[in-house]
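Remarks on the structure that follows.
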Amino acid sequence: MSILKVEDLKKYFIVPQGVVRAVDGIDFSLEEGETLALVGESGSGKTTTAHVVMGFYTATSGSVKYRDIEIGYTPIEKRPLELRKEIQIVFQDPATSLNPKKNVKDIIDTAIKIHRKGLSSVERLKFMLSLLEHIGLSEDLLFKKPHELGGGEKQLVALARALAPGPRLLILDEPTSALDISAQARVLNALKKIQEERKISYLLITHDLGVVRNLATYVAIMYLGKIYEYAHVDEFFNRPLHPYTQMLLSSIPTLTEEEEKLLPQRILSRGEIPSPMNPPSGCRFHPRCPFAMDICKKKEPPTMIIKSEHGSHTVKCWLYVNAHERNLNKA
Ligand code: SF4
């Protein structure tokens with residue numbers, strides 16, 4: 001059984017100018033102990049998806065199941081404590097997600113008190129110290145406030161707070177994008193170690209392909225509220241199929257000719273992502289796609305299943321529909 005299963009999820013927002021289709025019919029599942037990376041530019045719908053899973057927003061339609069329980073329509077404040085304990089989040093910017101008036105001990109202790117009722121103060125402290133040691137933070141930081149910590153230390157404190165309840169699903173919302181390179185490496189190493197030891201599932205929201213390479217098991221490429229490619233991480237880097245995926249990979253800087261040769265056909269980024277309030281007809285990527293055909297402007301491409309040695313690899317693009325069927329669809 002998947003730990004998380006999302007089917008035909010839609011999340012629309014009504015605004016004075018019209019309707020923003022932030023997430024517009026997506027499907028994916030996440031297995032125990034694996035990481036699914038939702039990747040895309042800002043405006044692709046990846047953060048909105050994560051926030052529906054967390055219960056910060058409720059779904060407009062479709063289904064979000066955590067271990068077979070429908071959670072898509074239950075806001076976080078109405079979720080039972082047991083469910084809230086099992087799904088936790090680490091936000092992008094630890095500087096704003098940690099209470100500046102509290103020290104590290106109080107920040108983590110609050111989470112332990114809520115979710116591990118019945119522990120004495122000594123037991124809570126013992127638990128906290130083992131947690132800090134586990135993620136590579138010194139106990140000397142216990143009485144420091146967030147402004148006295150480095151960026152990586154702050155994010156590790158946020159991670160410790162998210163781990164304190166004992167989650168089975170952790171949402172990582174751009175967990176390293178506010179950090180410098182060495183702090184990024186420290187946080188990524190801690191995340192990898194925790195997943196190996198505790199078999200926690202990660203739903204990773206990112207636009208950083210280096211983080212994807214480090215953490216992901218599967219990758220879903222989102223563009224204007226839809227998933228256009230879904231693949232195992234090895235397939236994603238070695239055999240990207242969708243022109244948008246190829247465009248994202250083309251933007252990775254290379255240092256050597258060998259690295260350059262490993263990249264897919266170079267597709268230069270063209271234009272900006274359009275508004276989700278007024279998405280282009282047919283394939284939403286068509287105004288930016290160098291391979292766009294007539295049919296791409298008129299009809300939404302079907303999702304094609306591509307043979308792969310790593311399980312499911314799907315792509316939503318007319319290039320992978322044979323010419324005969326394309327012509328039938330044109331008629
Ligand atoms: Fe490009 Fe057409 Fe494929 Fe869309 S469906 S990515 S426009 S070729």
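Chain lettering (A, B, ...) mirrors the order of the structure tokens, residue numbering begins at 1 for each chain separately, and ligand numbering begins at 1 in order of display.
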Ligand 1 neighbours within 8 Å using only C-alpha atoms and all ligand atoms, as a ChimeraX atom specification: /A:242-244,282-293,295-297,300-301,316-320
Prev. selection, N, CA and C atoms, output as a PDB file, in the first residue's frame:
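Output file selection-v1.pdb is given in full below:
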```pdb
ATOM      1  N   HIS A 242      10.388  14.544 -21.987  1.00  0.00           N
ATOM      2  CA  HIS A 242       9.557  15.711 -22.302  1.00  0.00           C
ATOM      3  C   HIS A 242      10.438  16.916 -22.636  1.00  0.00           C
ATOM      4  N   PRO A 243      10.063  17.688 -23.658  1.00  0.00           N
ATOM      5  CA  PRO A 243      10.877  18.869 -23.993  1.00  0.00           C
ATOM      6  C   PRO A 243      11.083  19.818 -22.803  1.00  0.00           C
ATOM      7  N   TYR A 244      10.092  19.913 -21.907  1.00  0.00           N
ATOM      8  CA  TYR A 244      10.264  20.803 -20.752  1.00  0.00           C
ATOM      9  C   TYR A 244      11.318  20.244 -19.802  1.00  0.00           C
ATOM     10  N   GLY A 282      -4.523  23.381 -25.353  1.00  0.00           N
ATOM     11  CA  GLY A 282      -3.784  22.170 -25.750  1.00  0.00           C
ATOM     12  C   GLY A 282      -2.704  21.831 -24.754  1.00  0.00           C
ATOM     13  N   CYS A 283      -1.486  21.609 -25.265  1.00  0.00           N
ATOM     14  CA  CYS A 283      -0.359  21.393 -24.353  1.00  0.00           C
ATOM     15  C   CYS A 283       0.041  22.755 -23.779  1.00  0.00           C
ATOM     16  N   ARG A 284       0.052  22.856 -22.472  1.00  0.00           N
ATOM     17  CA  ARG A 284       0.307  24.162 -21.841  1.00  0.00           C
ATOM     18  C   ARG A 284       1.730  24.662 -22.083  1.00  0.00           C
ATOM     19  N   PHE A 285       2.591  23.756 -22.515  1.00  0.00           N
ATOM     20  CA  PHE A 285       3.986  24.153 -22.749  1.00  0.00           C
ATOM     21  C   PHE A 285       4.184  24.664 -24.190  1.00  0.00           C
ATOM     22  N   HIS A 286       3.140  24.599 -25.033  1.00  0.00           N
ATOM     23  CA  HIS A 286       3.376  24.830 -26.462  1.00  0.00           C
ATOM     24  C   HIS A 286       3.980  26.207 -26.814  1.00  0.00           C
ATOM     25  N   PRO A 287       3.636  27.305 -26.110  1.00  0.00           N
ATOM     26  CA  PRO A 287       4.254  28.579 -26.519  1.00  0.00           C
ATOM     27  C   PRO A 287       5.779  28.601 -26.324  1.00  0.00           C
ATOM     28  N   ARG A 288       6.305  27.682 -25.489  1.00  0.00           N
ATOM     29  CA  ARG A 288       7.757  27.687 -25.214  1.00  0.00           C
ATOM     30  C   ARG A 288       8.470  26.503 -25.866  1.00  0.00           C
ATOM     31  N   CYS A 289       7.708  25.644 -26.536  1.00  0.00           N
ATOM     32  CA  CYS A 289       8.302  24.379 -27.003  1.00  0.00           C
ATOM     33  C   CYS A 289       8.842  24.507 -28.438  1.00  0.00           C
ATOM     34  N   PRO A 290      10.114  24.147 -28.659  1.00  0.00           N
ATOM     35  CA  PRO A 290      10.662  24.247 -30.012  1.00  0.00           C
ATOM     36  C   PRO A 290      10.110  23.176 -30.958  1.00  0.00           C
ATOM     37  N   PHE A 291       9.417  22.159 -30.426  1.00  0.00           N
ATOM     38  CA  PHE A 291       8.896  21.071 -31.278  1.00  0.00           C
ATOM     39  C   PHE A 291       7.390  21.168 -31.482  1.00  0.00           C
ATOM     40  N   ALA A 292       6.782  22.262 -31.045  1.00  0.00           N
ATOM     41  CA  ALA A 292       5.314  22.356 -31.080  1.00  0.00           C
ATOM     42  C   ALA A 292       4.779  22.135 -32.493  1.00  0.00           C
ATOM     43  N   MET A 293       3.729  21.308 -32.567  1.00  0.00           N
ATOM     44  CA  MET A 293       3.043  21.043 -33.844  1.00  0.00           C
ATOM     45  C   MET A 293       1.651  21.668 -33.745  1.00  0.00           C
ATOM     46  N   ILE A 295      -1.241  20.279 -33.653  1.00  0.00           N
ATOM     47  CA  ILE A 295      -2.129  19.603 -32.691  1.00  0.00           C
ATOM     48  C   ILE A 295      -1.834  20.034 -31.256  1.00  0.00           C
ATOM     49  N   CYS A 296      -0.579  20.398 -30.987  1.00  0.00           N
ATOM     50  CA  CYS A 296      -0.193  20.770 -29.615  1.00  0.00           C
ATOM     51  C   CYS A 296      -0.973  21.993 -29.135  1.00  0.00           C
ATOM     52  N   LYS A 297      -1.324  22.878 -30.079  1.00  0.00           N
ATOM     53  CA  LYS A 297      -2.038  24.103 -29.680  1.00  0.00           C
ATOM     54  C   LYS A 297      -3.520  23.828 -29.446  1.00  0.00           C
ATOM     55  N   GLU A 300      -5.061  18.682 -25.684  1.00  0.00           N
ATOM     56  CA  GLU A 300      -4.167  18.282 -24.592  1.00  0.00           C
ATOM     57  C   GLU A 300      -3.572  16.907 -24.911  1.00  0.00           C
ATOM     58  N   PRO A 301      -2.257  16.742 -24.785  1.00  0.00           N
ATOM     59  CA  PRO A 301      -1.678  15.427 -25.091  1.00  0.00           C
ATOM     60  C   PRO A 301      -2.082  14.383 -24.054  1.00  0.00           C
ATOM     61  N   LYS A 316       3.684  13.200 -21.005  1.00  0.00           N
ATOM     62  CA  LYS A 316       2.464  13.781 -21.563  1.00  0.00           C
ATOM     63  C   LYS A 316       2.891  14.705 -22.696  1.00  0.00           C
ATOM     64  N   CYS A 317       2.985  14.153 -23.895  1.00  0.00           N
ATOM     65  CA  CYS A 317       3.512  14.939 -25.022  1.00  0.00           C
ATOM     66  C   CYS A 317       3.118  14.253 -26.318  1.00  0.00           C
ATOM     67  N   TRP A 318       2.691  15.047 -27.307  1.00  0.00           N
ATOM     68  CA  TRP A 318       2.271  14.479 -28.595  1.00  0.00           C
ATOM     69  C   TRP A 318       3.424  13.821 -29.346  1.00  0.00           C
ATOM     70  N   LEU A 319       4.673  14.159 -29.031  1.00  0.00           N
ATOM     71  CA  LEU A 319       5.809  13.550 -29.749  1.00  0.00           C
ATOM     72  C   LEU A 319       5.850  12.041 -29.538  1.00  0.00           C
ATOM     73  N   TYR A 320       5.238  11.560 -28.435  1.00  0.00           N
ATOM     74  CA  TYR A 320       5.315  10.131 -28.104  1.00  0.00           C
ATOM     75  C   TYR A 320       4.035   9.379 -28.481  1.00  0.00           C
TER      76      TYR A 320
END
```
Spatial neighbours of Gln195 of chain A, max dist 12 Å, only C-alpha atoms, sep filter under 6 positions, as a PyMOL selection string: chain A and resi 32-35+134-135+163+167-170+188-189+201-203+215-217
Out of segment 13-208 of chain A, which residues get alpha helix (DSSP H) from DSSP, as a PyMOL selection string? chain A and resi 46-54+81-86+94-97+104-115+121-135+151-163+181-198
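Here the strand (DSSP E) residues in segment 136-298 of chain A, by DSSP on the backbone, are A:Leu169, A:Leu170, A:Ile171, A:Leu172, A:Asp173, A:Ser201, A:Tyr202, A:Leu203, A:Leu204, A:Ile205, A:Thr206, A:Tyr218, A:Val219, A:Ala220, A:Ile221, A:Met222, A:Tyr223, A:Lys226, A:Ile227, A:Tyr228, A:Glu229, A:Tyr230, A:Ala231, A:His232.
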Report as a Markdown table the residues of segment 160-272 of chain A within 10 Å of segment 126-131 of chain A, each with its shortest atom pair and distance in Å (one decimal), using only C-alpha atoms, ordered by chain and increasing residue number.
```
| residue | atom | partner | partner_atom | distance |
| --- | --- | --- | --- | --- |
| A:Ala160 | CA | A:Leu131 | CA | 6.6 |
| A:Arg161 | CA | A:Leu131 | CA | 9.3 |
| A:Leu163 | CA | A:Leu131 | CA | 8.1 |
| A:Ala164 | CA | A:Leu131 | CA | 7.5 |
```
Nearest candidate to Glu153 of chain A (options A:Val233, A:Met54, A:Ile112, A:Leu137; using only C-alpha atoms): A:Leu137
Å distance separating atom CA of Gly72 of chain A from atom CA of Val315 of chain A, one decimal place: 25.4 Å
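The spacing separating atom CA of Leu224 of chain A from atom CA of Leu4 of chain A amounts to 22.0 Å.
For the residues A:Ile200, A:Ile76, A:Ala162, A:Val104, ranking by smallest atom-to-atom distance to His147 of chain A using only C-alpha atoms places A:Val104 first.
One distance worth recording is that between atom CA of Glu41 of chain A and atom CA of Val15 of chain A, which is 21.6 Å.
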